Amino acid sequence: TIPTDRLMAIGLNCCDSLHLPKLAATVSRHCYDLMMTMQKNNTNANTPPPPRRGLVLYPNSGEVWDSPTQTWKHGTGCTTPDEMAQRLIKVIQQLDQLWDEWCQQDFVGNTTMPEKPRILVGGCCRTTPATISALRTKVDHHLSS
């Protein structure tokens with residue numbers, strides 16, 4: 001078992017981006033619950049709050065691998081960089097909203113809410129430099145809005 005104070009991030013790697021909303025929400029909720037448990041168990045006022053956790057999102061293109069022919073099935077999955085980037089941004093926006101909802105439920109009138117997890121994004125199988133570039137553009141826009 002890994003001590004929870006040593007766990008800095010949890011990742012979702014090489015899964016179809018269509019599965020990310022539910023997977024990321026589940027993992028993010030576990031991160032939130034872990035931070036809440038650590039915060040509640042912290043009875044020493046001089047002890048710092050639990051460290052901010054991270055969430056790593058590295059989906060693949062969602063294309064289907066055909067094992068018998070050892071090829072990717074053409075026309076499956078998310079094949080345009082902009083579409084892939086948009087899917088990831090929607091997940092980030094969903095996680096922002098969920099985190100805010102959870103904090104509002106648990107911290108009514110309290111200003112010591114846990115920080116949102118850092119989110120690292122990228123791409124796995126069948127993503128390209130163009131995918132990462134489109135993602136960067138959308139992330140920059142999201143952070144500036």
# chains A, B, ... in the order shown; residues from 1 in each chain; ligands from 1
$ residues_around --residues "range 46-62 of chain A" --least-positions-apart "3" --cutoff "9 Å" --atoms "only C-alpha atoms" --output "number ranges by chain"
A: 5, 7-20, 24, 27-28, 31-32, 35-36, 38-39, 42-43, 76-80, 84, 88, 114-127
$ closest_atom_pairs --of "range 5-122 of chain A" --to "range 136-144 of chain A" --cutoff "10 Å" --atoms "only C-alpha atoms" --output "CSV"
residue,atom,partner,partner_atom,distance
A:Asp82,CA,A:Lys138,CA,8.7
A:Ala85,CA,A:Lys138,CA,6.8
A:Gln86,CA,A:Lys138,CA,7.3
A:Leu88,CA,A:Val139,CA,9.0
A:Ile89,CA,A:Val139,CA,6.8
A:Lys90,CA,A:His142,CA,10.0
A:Ile92,CA,A:Val139,CA,9.0
A:Gln93,CA,A:His142,CA,8.5
A:Val121,CA,A:Arg136,CA,9.1
A:Gly122,CA,A:Arg136,CA,9.1
$ closest_residue --among "A:Ile132, A:Arg29, A:Lys22, A:Gln70" --to "Leu98 in chain A" --atoms "only C-alpha atoms"
A:Arg29
$ atom_distance --atom1 "CA of Gln94 in chain A" --atom2 "CA of Gly75 in chain A"
27.4 Å
$ select_by_dssp --residues "range 32-89 of chain A" --states "helix (DSSP H, G or I)" --output "count of residues only"
19
$ select_by_dssp --residues "chain A" --states "strand (DSSP E)" --output "VMD selection string"
chain A and resid 9 to 16 54 to 60 65 to 66 71 to 72 118 to 121
$ atom_distance --atom1 "CA of Glu101 in chain A" --atom2 "CA of Lys40 in chain A"
18.9 Å
$ closest_residue --among "A:Glu83, A:Asp33, A:Met113, A:Cys103" --to "Ala134 in chain A" --atoms "only C-alpha atoms"
A:Glu83
$ closest_residue --among "A:Phe107, A:Thr26, A:Pro81, A:Trp99" --to "Leu135 in chain A" --atoms "only C-alpha atoms"
A:Pro81
$ closest_residue --among "A:Ala25, A:Asn44, A:Arg6, A:Trp72" --to "Leu95 in chain A" --atoms "only C-alpha atoms"
A:Ala25
$ atom_distance --atom1 "CA of Arg87 in chain A" --atom2 "CA of Thr128 in chain A"
15.4 Å
